[in-house]
Structure formats: structure tokens, C-alpha cells
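Raw contents of work_5.txt, compact mmCIF, C-alpha atoms:
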# COMPACT_ATOMS: atom_id res chain seq x y z
CA MET A 505 -3.07 30.63 29.24
CA GLY A 506 0.44 29.43 29.51
CA VAL A 507 3.30 28.23 31.58
CA SER A 508 6.07 30.68 32.43
CA VAL A 509 9.66 29.51 32.34
CA ASP A 510 11.78 31.90 34.43
CA THR A 511 15.52 31.58 34.02
CA GLY A 512 16.70 34.84 35.49
CA GLY A 513 17.00 38.20 33.85
CA LYS A 514 18.33 40.38 36.66
CA GLY A 515 20.75 43.26 36.54
CA GLY A 516 19.72 44.96 33.34
CA LYS A 517 20.00 41.79 31.28
CA LYS A 518 17.27 41.05 28.80
CA SER A 519 14.59 38.85 30.36
CA VAL A 520 14.47 35.32 29.06
CA ASN A 521 10.98 34.58 30.39
CA ALA A 522 8.98 32.50 27.95
CA ASP A 523 5.38 31.43 27.91
CA LEU A 524 4.57 27.97 26.56
CA ASN A 525 1.36 28.08 24.59
CA LEU A 526 -0.61 25.09 25.83
CA VAL A 527 -3.78 25.72 23.85
CA PRO A 528 -2.91 23.44 20.88
CA TYR A 529 -1.78 20.69 23.23
CA ILE A 530 -5.05 20.82 25.18
CA ASP A 531 -6.99 20.88 21.90
CA LEU A 532 -5.16 17.79 20.70
CA LEU A 533 -5.76 15.94 23.96
CA THR A 534 -9.44 16.82 23.95
CA CYS A 535 -9.88 15.61 20.36
CA MET A 536 -8.04 12.36 21.13
CA VAL A 537 -10.13 11.69 24.22
CA ALA A 538 -13.35 12.30 22.28
CA PHE A 539 -12.26 10.02 19.39
CA LEU A 540 -11.05 7.23 21.65
CA LEU A 541 -14.17 7.34 23.79
CA ILE A 542 -16.40 7.07 20.72
CA THR A 543 -14.45 4.16 19.22
CA ALA A 544 -13.81 2.32 22.50
CA VAL A 545 -14.74 -1.38 22.59
CA TRP A 546 -15.89 -2.20 26.08
CA SER A 547 -16.75 -5.90 25.64
CA GLN A 548 -13.93 -8.04 24.30
CA LEU A 549 -15.15 -11.23 22.63
CA ALA A 550 -13.29 -14.05 20.93
CA ARG A 551 -14.04 -17.36 19.23
CA LEU A 552 -13.28 -21.04 19.46
CA GLU A 553 -12.84 -22.82 16.16
CA ALA A 554 -14.60 -26.09 15.47
CA HIS A 555 -15.37 -28.16 12.41
CA GLN A 556 -18.26 -30.38 11.47
CA LYS A 557 -16.72 -33.41 9.90
CA GLY A 558 -18.60 -36.28 11.42
CA GLN A 559 -18.22 -39.75 10.13
CA GLY A 560 -19.76 -40.26 6.73
CA GLN A 561 -20.45 -36.58 6.16
CA ALA A 562 -19.48 -34.60 3.14
CA GLY A 563 -15.96 -33.25 3.18
CA GLU A 564 -14.31 -36.20 4.88
CA GLU A 565 -11.97 -38.16 2.72
CA THR A 566 -11.77 -41.90 3.11
CA PRO A 567 -8.37 -42.63 4.62
CA PRO A 568 -6.28 -45.08 2.65
CA GLU A 569 -4.78 -46.62 5.77
CA LYS A 570 -6.07 -47.07 9.28
CA VAL A 571 -5.80 -43.84 11.22
CA PHE A 572 -5.55 -43.37 14.94
CA LYS A 573 -8.98 -42.29 16.12
CA LEU A 574 -9.33 -40.00 19.12
CA VAL A 575 -12.76 -39.18 20.50
CA VAL A 576 -13.89 -37.52 23.71
CA LEU A 577 -17.40 -38.64 24.48
CA VAL A 578 -19.24 -36.24 26.80
CA ASN A 579 -22.29 -37.51 28.66
CA ASP A 580 -24.09 -37.09 31.97
CA SER A 581 -21.69 -39.35 33.88
CA GLY A 582 -18.53 -37.62 32.67
CA PHE A 583 -16.06 -38.17 29.83
CA ASN A 584 -15.19 -41.30 27.94
CA LEU A 585 -11.86 -40.95 26.20
CA VAL A 586 -11.63 -43.26 23.20
CA ALA A 587 -8.14 -43.62 21.77
CA ASP A 588 -8.38 -46.04 18.86
CA GLN A 589 -9.54 -49.29 20.49
CA ASP A 590 -9.03 -48.22 24.11
CA GLN A 591 -11.76 -46.59 26.11
CA GLN A 592 -11.06 -44.77 29.34
CA PRO A 593 -13.98 -43.43 31.37
CA ILE A 594 -13.25 -40.21 33.28
CA PRO A 595 -16.15 -39.86 35.72
CA LYS A 596 -17.36 -36.59 37.19
CA LYS A 597 -15.86 -35.25 40.40
CA GLY A 598 -19.02 -34.64 42.37
CA ASP A 599 -21.18 -32.51 40.12
CA SER A 600 -18.43 -31.12 37.94
CA TYR A 601 -16.55 -32.64 35.03
CA ASP A 602 -12.90 -33.60 35.60
CA TYR A 603 -11.23 -31.36 33.00
CA GLU A 604 -7.86 -31.66 34.71
CA LYS A 605 -7.68 -35.43 34.30
CA LEU A 606 -8.97 -35.19 30.74
CA GLY A 607 -6.20 -32.70 29.97
CA ASP A 608 -3.57 -34.96 31.52
CA GLU A 609 -4.75 -37.99 29.54
CA LEU A 610 -4.87 -35.99 26.30
CA LYS A 611 -1.34 -34.72 26.91
CA LYS A 612 -0.14 -38.31 27.41
CA ILE A 613 -1.71 -39.30 24.10
CA LYS A 614 -0.15 -36.25 22.43
CA ASP A 615 3.28 -37.27 23.74
CA THR A 616 2.95 -40.70 22.16
CA HIS A 617 1.29 -39.45 18.94
CA ALA A 618 2.97 -36.12 18.28
CA ASP A 619 1.65 -35.89 14.70
CA LYS A 620 -1.95 -36.25 15.77
CA THR A 621 -3.72 -32.88 15.63
CA ASP A 622 -7.38 -33.77 15.20
CA ILE A 623 -9.86 -34.83 17.84
CA GLN A 624 -13.58 -35.38 17.89
CA VAL A 625 -15.76 -34.16 20.72
CA ALA A 626 -18.94 -36.23 20.70
CA SER A 627 -21.75 -34.98 22.88
CA ASP A 628 -25.02 -36.27 24.24
CA ASP A 629 -28.13 -34.16 23.74
CA ALA A 630 -28.44 -33.03 27.36
CA VAL A 631 -24.89 -31.71 27.70
CA LYS A 632 -24.70 -27.96 28.20
CA PHE A 633 -22.80 -25.65 25.88
CA GLU A 634 -20.49 -24.45 28.66
CA THR A 635 -19.30 -28.04 29.23
CA LEU A 636 -18.59 -28.47 25.52
CA VAL A 637 -16.63 -25.23 25.35
CA LYS A 638 -14.51 -26.22 28.34
CA THR A 639 -13.92 -29.66 26.82
CA MET A 640 -12.82 -28.12 23.51
CA ASP A 641 -10.68 -25.63 25.43
CA THR A 642 -8.99 -28.51 27.26
CA ALA A 643 -8.34 -30.27 23.95
CA LEU A 644 -6.81 -27.07 22.53
CA SER A 645 -4.62 -26.74 25.63
CA SER A 646 -3.42 -30.31 24.98
CA ARG A 647 -2.27 -29.28 21.47
CA PHE A 648 -5.13 -30.75 19.44
CA PRO A 649 -6.13 -27.75 17.30
CA ASP A 650 -8.41 -29.53 14.80
CA ILE A 651 -11.57 -30.09 16.78
CA SER A 652 -14.75 -31.56 15.39
CA LEU A 653 -17.92 -31.26 17.41
CA ILE A 654 -20.32 -34.08 16.61
CA ASP A 655 -23.32 -35.90 17.98
CA SER A 656 -22.49 -38.92 20.15
CA GLY A 657 -24.52 -41.09 17.76
CA GLY A 658 -22.23 -40.11 14.91
CA ALA A 659 -19.02 -41.02 16.70
CA GLY A 660 -19.45 -44.72 15.89
CA ILE A 661 -18.62 -45.92 19.39
CA MET B 802 8.52 64.46 49.03
CA PRO B 803 4.84 63.74 48.50
CA ILE B 804 3.49 60.38 49.44
CA HIS B 805 1.50 58.64 46.72
CA PRO B 806 -0.77 55.66 47.20
CA PRO B 807 0.71 52.49 45.74
CA HIS B 808 -0.34 51.50 42.24
CA ALA B 809 0.85 49.33 39.42
CA HIS B 810 4.08 50.37 37.79
CA LEU B 811 5.23 49.66 34.32
CA TYR B 812 8.81 49.32 33.29
CA ASN B 813 10.18 52.28 31.43
CA SER B 814 11.02 50.04 28.53
CA VAL B 815 7.32 49.48 27.77
CA THR B 816 6.40 52.14 25.27
CA LEU B 817 2.86 51.12 24.51
CA GLU B 818 0.65 53.98 25.53
CA VAL B 819 -2.51 51.91 25.45
CA ALA B 820 -1.00 49.30 27.73
CA LYS B 821 0.21 51.97 30.08
CA ALA B 822 -3.22 53.52 30.20
CA LYS B 823 -4.88 50.14 30.83
CA LEU B 824 -2.48 48.91 33.45
CA GLY B 825 -1.74 52.18 35.10
CA HIS B 826 -5.11 52.69 36.75
CA ALA B 827 -4.24 53.28 40.35
CA GLY B 828 -6.14 51.37 43.01
CA ARG B 829 -7.97 48.99 40.59
CA LYS B 830 -7.42 45.27 41.05
CA SER B 831 -6.30 43.45 37.93
CA LEU B 832 -8.91 41.16 36.37
CA TYR B 833 -6.32 38.71 35.08
CA ALA B 834 -6.04 35.46 37.04
CA PRO B 835 -3.70 32.67 36.01
CA LEU B 836 -5.34 29.23 35.60
CA ASN B 837 -3.29 26.31 36.86
CA LEU B 838 -3.58 23.84 34.00
CA VAL B 839 -1.06 21.28 35.18
CA ALA B 840 -3.61 19.02 36.90
CA TYR B 841 -5.98 19.24 33.94
CA ILE B 842 -3.28 18.29 31.45
CA ASP B 843 -2.14 15.42 33.71
CA MET B 844 -5.66 14.05 33.86
CA MET B 845 -6.14 14.33 30.10
CA THR B 846 -2.82 12.62 29.42
CA MET B 847 -3.68 9.71 31.72
CA LEU B 848 -7.09 9.36 30.07
CA VAL B 849 -5.56 9.30 26.59
CA ILE B 850 -3.01 6.66 27.62
CA PHE B 851 -5.70 4.45 29.16
CA LEU B 852 -7.96 4.74 26.11
CA LEU B 853 -5.08 4.08 23.72
CA MET B 854 -4.16 0.92 25.65
CA SER B 855 -7.72 -0.42 25.44
CA PHE B 856 -8.12 0.59 21.79
CA SER B 857 -9.10 -2.19 19.39
CA ALA B 858 -8.42 -1.64 15.71
CA THR B 859 -10.92 -4.33 14.64
CA GLY B 860 -13.82 -2.56 16.31
CA GLU B 861 -16.87 -4.23 17.78
CA ILE B 862 -17.75 -7.15 15.48
CA LEU B 863 -20.13 -8.87 17.84
CA PHE B 864 -22.67 -7.39 20.22
CA VAL B 865 -23.61 -9.41 23.26
CA GLN B 866 -27.33 -9.90 23.48
CA LYS B 867 -28.95 -9.23 26.83
CA ASN B 868 -30.25 -12.75 27.41
CA ILE B 869 -27.04 -14.55 26.40
CA VAL B 870 -24.23 -15.32 28.85
CA LEU B 871 -21.16 -16.53 27.00
CA PRO B 872 -18.83 -19.22 28.39
CA ASP B 873 -15.14 -18.50 29.08
CA ALA B 874 -12.23 -20.00 27.14
CA GLN B 875 -8.47 -19.71 27.36
CA ASN B 876 -7.48 -20.84 23.84
CA TRP B 877 -9.26 -18.26 21.75
CA THR B 878 -8.67 -16.47 18.48
CA ASP B 879 -9.82 -13.09 17.22
CA LEU B 880 -13.26 -12.71 15.74
CA GLU B 881 -13.87 -12.45 12.01
CA ARG B 882 -16.76 -10.97 10.13
CA ALA B 883 -19.26 -13.76 9.57
CA PRO B 884 -22.98 -14.44 9.99
CA VAL B 885 -23.82 -14.51 13.71
CA ILE B 886 -26.32 -17.08 14.95
CA GLY B 887 -27.54 -16.06 18.39
CA VAL B 888 -28.88 -18.87 20.57
CA SER B 889 -30.60 -17.98 23.82
CA LYS B 890 -32.80 -20.18 25.99
CA ASP B 891 -35.86 -18.88 24.15
CA VAL B 892 -35.06 -18.00 20.55
CA VAL B 893 -32.56 -18.51 17.75
CA THR B 894 -31.65 -15.46 15.70
CA LEU B 895 -29.57 -14.89 12.60
CA ASP B 896 -27.98 -11.44 12.53
CA GLY B 897 -30.67 -10.22 14.89
CA SER B 898 -33.77 -11.61 13.17
CA GLN B 899 -35.57 -14.58 14.68
CA VAL B 900 -35.39 -17.85 12.77
CA ALA B 901 -36.64 -20.40 15.32
CA THR B 902 -37.76 -20.82 18.89
CA SER B 903 -36.26 -23.15 21.47
CA ASP B 904 -39.55 -25.01 21.85
CA GLU B 905 -39.43 -25.97 18.20
CA LEU B 906 -35.85 -27.14 18.47
CA MET B 907 -36.28 -29.12 21.68
CA LYS B 908 -39.07 -31.18 20.12
CA ASP B 909 -38.09 -34.44 18.48
CA SER B 910 -38.71 -34.22 14.79
CA ALA B 911 -41.09 -36.84 13.44
CA THR B 912 -39.11 -37.20 10.24
CA GLY B 913 -35.72 -37.14 11.96
CA ASP B 914 -34.70 -34.12 9.89
CA PHE B 915 -32.61 -31.66 11.91
CA LYS B 916 -32.73 -28.87 9.33
CA ILE B 917 -34.20 -25.53 10.43
CA ALA B 918 -35.74 -24.34 7.18
CA ASP B 919 -35.76 -20.60 7.89
CA LEU B 920 -32.18 -20.56 9.16
CA HIS B 921 -30.99 -22.69 6.25
CA ASP B 922 -32.66 -20.48 3.63
CA LYS B 923 -31.26 -17.27 5.11
CA LEU B 924 -27.77 -18.72 5.36
CA VAL B 925 -27.92 -19.86 1.74
CA THR B 926 -28.97 -16.34 0.76
CA LEU B 927 -26.04 -14.88 2.71
CA LYS B 928 -23.65 -17.34 1.08
CA ASN B 929 -24.91 -16.47 -2.39
CA ASN B 930 -24.64 -12.76 -1.62
CA TYR B 931 -21.06 -13.23 -0.44
CA LYS B 932 -20.15 -15.08 -3.63
CA LEU B 933 -21.73 -12.36 -5.75
CA LEU B 934 -19.98 -9.57 -3.89
CA HIS B 935 -16.60 -11.33 -3.68
CA PRO B 936 -16.27 -13.28 -6.94
CA SER B 937 -12.48 -13.53 -6.71
CA GLU B 938 -12.40 -14.84 -3.13
CA ASP B 939 -12.99 -18.35 -1.86
CA PHE B 940 -15.94 -18.80 0.45
CA ASN B 941 -14.54 -19.73 3.86
CA GLY B 942 -17.79 -21.16 5.29
CA ILE B 943 -17.40 -19.55 8.71
CA ALA B 944 -20.43 -18.90 10.88
CA ILE B 945 -20.28 -17.71 14.47
CA ILE B 946 -22.61 -19.27 17.02
CA GLN B 947 -23.18 -16.95 19.94
CA SER B 948 -24.85 -19.24 22.41
CA ASP B 949 -25.86 -18.97 26.03
CA LYS B 950 -23.75 -21.25 28.20
CA ASN B 951 -26.76 -23.17 29.52
CA VAL B 952 -28.15 -24.12 26.13
CA GLU B 953 -28.22 -27.88 25.53
CA PHE B 954 -26.44 -29.59 22.67
CA LYS B 955 -29.76 -30.86 21.34
CA MET B 956 -30.52 -27.31 20.16
CA LEU B 957 -27.01 -26.64 18.97
CA LYS B 958 -26.70 -29.74 16.82
CA LYS B 959 -29.76 -28.75 14.80
CA ILE B 960 -28.33 -25.29 14.26
CA MET B 961 -24.93 -26.71 13.32
CA TYR B 962 -26.53 -29.20 10.96
CA SER B 963 -28.57 -26.46 9.26
CA ALA B 964 -25.44 -24.34 8.89
CA SER B 965 -23.50 -27.28 7.52
CA VAL B 966 -26.17 -28.09 4.95
CA ALA B 967 -26.21 -24.43 3.91
CA GLY B 968 -22.46 -24.55 3.26
CA TYR B 969 -21.11 -23.20 6.55
CA GLN B 970 -18.83 -26.07 7.59
CA ASN B 971 -16.61 -24.05 9.93
CA VAL B 972 -18.66 -23.16 12.94
CA ASN B 973 -17.02 -20.93 15.49
CA PHE B 974 -18.28 -20.37 18.99
CA ALA B 975 -18.23 -16.92 20.55
CA VAL B 976 -16.59 -16.97 23.97
CA THR B 977 -15.38 -14.54 26.57
CA PRO B 978 -11.59 -14.55 26.43
CA LYS B 979 -9.82 -15.58 29.60
CA ALA B 980 -6.10 -15.48 30.34
CA LYS B 981 -4.25 -18.64 31.38
CA GLY B 982 -4.11 -17.51 34.99
CA GLY B 983 -7.87 -17.13 35.14
CA ALA B 984 -8.09 -13.35 34.87
CA ALA B 985 -9.68 -11.53 31.96
CA ALA B 986 -7.49 -11.54 28.88
CA PRO B 987 -5.75 -8.40 27.68
CA PRO B 988 -7.15 -6.94 24.46
CA PRO B 989 -5.63 -8.55 21.34
Please render this file's structure as C-alpha cells.
Amino acid sequence: MGVSVDTGGKGGKKSVNADLNLVPYIDLLTCMVAFLLITAVWSQLARLEAHQKGQGQAGEETPPEKVFKLVVLVNDSGFNLVADQDQQPIPKKGDSYDYEKLGDELKKIKDTHADKTDIQVASDDAVKFETLVKTMDTALSSRFPDISLIDSGGAGI
Amino acid sequence: MPIHPPHAHLYNSVTLEVAKAKLGHAGRKSLYAPLNLVAYIDMMTMLVIFLLMSFSATGEILFVQKNIVLPDAQNWTDLERAPVIGVSKDVVTLDGSQVATSDELMKDSATGDFKIADLHDKLVTLKNNYKLLHPSEDFNGIAIIQSDKNVEFKMLKKIMYSASVAGYQNVNFAVTPKAKGGAAAPPP
């Protein structure tokens, strides 16, 4: 079992034919394929980080000065973006939530408040988990990494 | 000059008598046949490269349950080892064992208490075990919620509240990673 390398050897010269021994190479490949097939991970999963620091809950420190409050309220009719005292409803587009507009508005707020990293996502009971994940994903895309997921009753709006 | 039938010839330089006797049988066809291994080695090499590219050093931390369809997300991070709370449309499980049913969670509690007693107790036990086994490390309070995408927040908030009361303040949600362009993400 080998590969012959012929480089001449005519006219009474000593033949320089050589056989490459491929057995160890095939053994190595077979072992690697077996190991990699056994340890293969076929379903790649990841995670979204969220915190549970609703108003008045343990772990939240009382701020000494007034802080800029940013809340995305998610309900059946769409989003309601609350930036401090201003409220901006973002209604649904047909049956689907308008994540694009929410992202644009959040980016505008981020441009004016560059230091702001935290945001609260307040949800109604009937909102589905997929909607919440997409909302949190939109907030992360708009550079708000500290997300708290809370009940809409706890948002204080 | 006599005419001989053709047969295998050995070079004069070969002095092995046994080899001469074996190979010098006139008229017999040789039983040796060369195997062409090039295609086989090519295929094995390609297979090894593909498997190495999809290799994950962290291994499979989370197993997707049959009745749970995870939502997609673009801004994801790698999974960590933590208690996994599975939430399907029917049952809630903690590391595979059932702790509540969806019917129980969708009912409005008469007392207004969101705590799921079984889930809370098991999480407290896990937290205490972690502290016993890792006395020099800080408890990070991470729990992973692996929820079906059609589950309502009413169920989730009770689970999150129970986890929070048990000391798991950092709740992470298991998602299917998606690249920015919309295609499936490459392995981390």
C-alpha cells in the first residue's frame, strides 16, 4: 500500500524509486474523523443577557440625583418608548411590531445620551417571548447592553 | 534457438532465492493489485477539515428539547454552565425535571404571589450546592431560561420572579444565534 515516486533510473544507474508508506497517515485521518464525529456539536445555541432590577426591588440602589429613565413598553398595540418624561408610541405595522423604527429611535436617544447603557423592557402579560427577544435584540443593536426585563406594572408609567 | 512461453523475469541483481521461486512461476497471474488510495485520502482530508471547522471546544452545554422552538437573536453571547429552566407550552422543567405546568402558571394567583415553590426550592438547593462546592468563588446568579418562542410573558415573569427570589438575579435567555445578514451564525 503505497505511492511510487519514479524519478528515472535508466542505463545501469541505481533506481531511485521510493514508496511512500501511507498507512500511518490513513490511520491518523481515521482516528481524527472518529474523534471529531463523536465530539461534534450539531446545534449551536447562544444566550441573551438580561437583569431583573425592577423598581423597588432588591439590588437597585437609590440614585442620589435624577437619572434619565429609558423604558420600552411592549403591549398588544405596539411599543411605547418612554424617555424620561417623553412618551412616543410606536404602533404595529399590520400584525407585526415595528422593530426598525424602535431601533432608529433608540439610536437617536443613544446619540444624545452616549453614557446611557441601561434600558428597561416592560412587557404586558400577553406578549410572546419571541417579541421580547426581538425587542431586547433591537436594544442591544442600539448599544444599550444593560437590559432589564420587567412587568409593565413595575415600570411606574 | 528454442522458443519459450513468456513469463515473469527477475533482474539479475535480485539474489533472493525465495522471491525468485515465488515470482518466477511461469504462466501464473500475479495476485498483487495496487489500490488507488488518492481518492480515499482526499475524501478523508476534506472530512477532517470540515469537522475541524465546525468543532466547538465548549461542547454541548444545552440540549434543545423537542417541544421548544427557540427565537433567533443577532446580539448573542456564548453559553455558560448554569441551571437550565425549560419552558414549553405545557410544562416548566429545571434541568430536565418538571417543576410546574403551564396551567398552574397561567392561572391568576389568589394571593398575588408569583413564586413557584418547587422551582424556588430546587434553585435554592442548587445555589447552596454551588457555594459548598466553590467556596472561594463568588456566586454569579446566572440561570438560563430556555423558552419556546410562543410562550407568554405571564408564565415567564413568574419563573423569573421565582429565580430572582432564589438568588438568580441574572437571567439569560437561550436563543438561536443569527448573523447580522440574517443567515445562521458561524460557530463561536
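One finds CA of Leu610 (chain A) at 17.9 Å from CA of Lys597 (chain A).
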When you get a sec, could you note down which chain A residues fall within 10 Å of chain B, using only C-alpha atoms, as a ChimeraX atom specification? /A:505-507,526,529-530,533-541,543-557,561-563,627-645,649,652-655
What separation in Å, quoted to one decimal, exists between CA of Phe572 (chain A) and CA of Gln589 (chain A)? 9.0 Å
Using CA of Gly968 (chain B) and CA of Gln866 (chain B) as the two end points, give the distance in Å to one decimal. 25.4 Å
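Excluding Asn929 (chain B) and any residue on its chain fewer than 3 positions from it, the residues at most 12 Å away by only C-alpha atoms are Asp922, Lys923, Leu924, Val925, Thr926, Lys932, Leu933, Leu934, His935, Pro936, Phe940, Gly942, Ala967, Gly968 and Tyr969 of chain B.
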Selection: 6 Å around Val900 (chain B), all atoms listed in the file, excl. self and same-chain fewer than 6 positions, as a PyMOL selection string: chain B and resi 893-894+919-920
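Closest to Val885 (chain B) among B:Asp843, B:Ile917, B:Leu927, B:Pro806 is B:Leu927, based on all atoms listed in the file.
Omitting Val576 (chain A) and its sequence neighbours fewer than 5 positions away, and counting all atoms listed in the file, the residues within 10 Å are Phe583, Asn584, Leu585, Val586, Ala587, Gln591, Gln592, Pro593, Ile594, Leu606, Leu610, Ile623, Gln624, Val625, Ala626, Ser627, Thr639, Met640, Ala643, Leu653, Ser656 and Ala659 of chain A.
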Given the block above, output region 913-945 of chain B with N, CA and C atoms as a short mmCIF file (atom, residue, chain, number, x, y, z; two decimals), in the first residue's frame.
data_model
loop_
_atom_site.label_atom_id
_atom_site.label_comp_id
_atom_site.auth_asym_id
_atom_site.auth_seq_id
_atom_site.Cartn_x
_atom_site.Cartn_y
_atom_site.Cartn_z
N GLY B 913 -51.75 36.62 44.95
CA GLY B 913 -50.89 37.57 44.23
C GLY B 913 -49.42 37.21 44.31
N ASP B 914 -49.12 36.02 44.85
CA ASP B 914 -47.73 35.59 44.97
C ASP B 914 -47.32 34.86 43.69
N PHE B 915 -46.25 35.35 43.06
CA PHE B 915 -45.80 34.76 41.80
C PHE B 915 -44.88 33.56 42.00
N LYS B 916 -44.45 33.33 43.23
CA LYS B 916 -43.40 32.33 43.45
C LYS B 916 -43.87 30.91 43.14
N ILE B 917 -43.06 30.18 42.36
CA ILE B 917 -43.32 28.76 42.10
C ILE B 917 -42.49 27.99 43.13
N ALA B 918 -43.18 27.39 44.09
CA ALA B 918 -42.49 26.84 45.27
C ALA B 918 -41.46 25.77 44.89
N ASP B 919 -41.84 24.85 44.03
CA ASP B 919 -40.95 23.74 43.68
C ASP B 919 -39.69 24.25 42.98
N LEU B 920 -39.91 25.16 42.03
CA LEU B 920 -38.78 25.74 41.29
C LEU B 920 -37.86 26.52 42.24
N HIS B 921 -38.48 27.31 43.10
CA HIS B 921 -37.69 28.11 44.05
C HIS B 921 -36.84 27.21 44.95
N ASP B 922 -37.45 26.16 45.48
CA ASP B 922 -36.73 25.28 46.42
C ASP B 922 -35.55 24.59 45.73
N LYS B 923 -35.80 24.12 44.50
CA LYS B 923 -34.71 23.43 43.78
C LYS B 923 -33.59 24.40 43.41
N LEU B 924 -33.95 25.62 43.06
CA LEU B 924 -32.90 26.59 42.72
C LEU B 924 -32.08 26.97 43.96
N VAL B 925 -32.76 27.09 45.09
CA VAL B 925 -32.03 27.38 46.34
C VAL B 925 -31.06 26.24 46.66
N THR B 926 -31.53 25.01 46.45
CA THR B 926 -30.65 23.85 46.68
C THR B 926 -29.44 23.91 45.75
N LEU B 927 -29.68 24.23 44.49
CA LEU B 927 -28.56 24.32 43.53
C LEU B 927 -27.59 25.43 43.93
N LYS B 928 -28.14 26.54 44.39
CA LYS B 928 -27.28 27.66 44.81
C LYS B 928 -26.42 27.26 46.02
N ASN B 929 -27.05 26.59 46.97
CA ASN B 929 -26.30 26.16 48.16
C ASN B 929 -25.23 25.13 47.80
N ASN B 930 -25.58 24.24 46.87
CA ASN B 930 -24.59 23.25 46.42
C ASN B 930 -23.40 23.93 45.77
N TYR B 931 -23.70 24.95 44.94
CA TYR B 931 -22.63 25.67 44.24
C TYR B 931 -21.70 26.35 45.26
N LYS B 932 -22.31 26.95 46.29
CA LYS B 932 -21.49 27.64 47.28
C LYS B 932 -20.64 26.67 48.09
N LEU B 933 -21.20 25.48 48.31
CA LEU B 933 -20.43 24.46 49.04
C LEU B 933 -19.26 23.94 48.20
N LEU B 934 -19.54 23.75 46.92
CA LEU B 934 -18.51 23.16 46.04
C LEU B 934 -17.47 24.18 45.60
N HIS B 935 -17.87 25.46 45.58
CA HIS B 935 -16.93 26.51 45.14
C HIS B 935 -16.85 27.59 46.23
N PRO B 936 -16.26 27.27 47.36
CA PRO B 936 -16.25 28.24 48.48
C PRO B 936 -15.44 29.50 48.18
N SER B 937 -14.47 29.40 47.28
CA SER B 937 -13.62 30.57 47.02
C SER B 937 -14.16 31.45 45.89
N GLU B 938 -15.21 31.01 45.23
CA GLU B 938 -15.74 31.78 44.10
C GLU B 938 -17.02 32.51 44.49
N ASP B 939 -17.23 33.66 43.84
CA ASP B 939 -18.48 34.39 44.05
C ASP B 939 -19.59 33.73 43.25
N PHE B 940 -20.76 33.73 43.81
CA PHE B 940 -21.92 33.16 43.10
C PHE B 940 -22.41 34.19 42.09
N ASN B 941 -22.45 33.80 40.80
CA ASN B 941 -22.79 34.79 39.77
C ASN B 941 -24.29 34.95 39.55
N GLY B 942 -25.10 34.04 40.07
CA GLY B 942 -26.56 34.19 39.97
C GLY B 942 -27.11 34.09 38.57
N ILE B 943 -26.47 33.28 37.73
CA ILE B 943 -26.94 33.15 36.34
C ILE B 943 -27.81 31.90 36.22
N ALA B 944 -28.98 32.09 35.64
CA ALA B 944 -29.83 30.96 35.26
C ALA B 944 -30.21 31.15 33.80
N ILE B 945 -30.32 30.05 33.08
CA ILE B 945 -30.67 30.13 31.66
C ILE B 945 -32.11 29.68 31.48
#
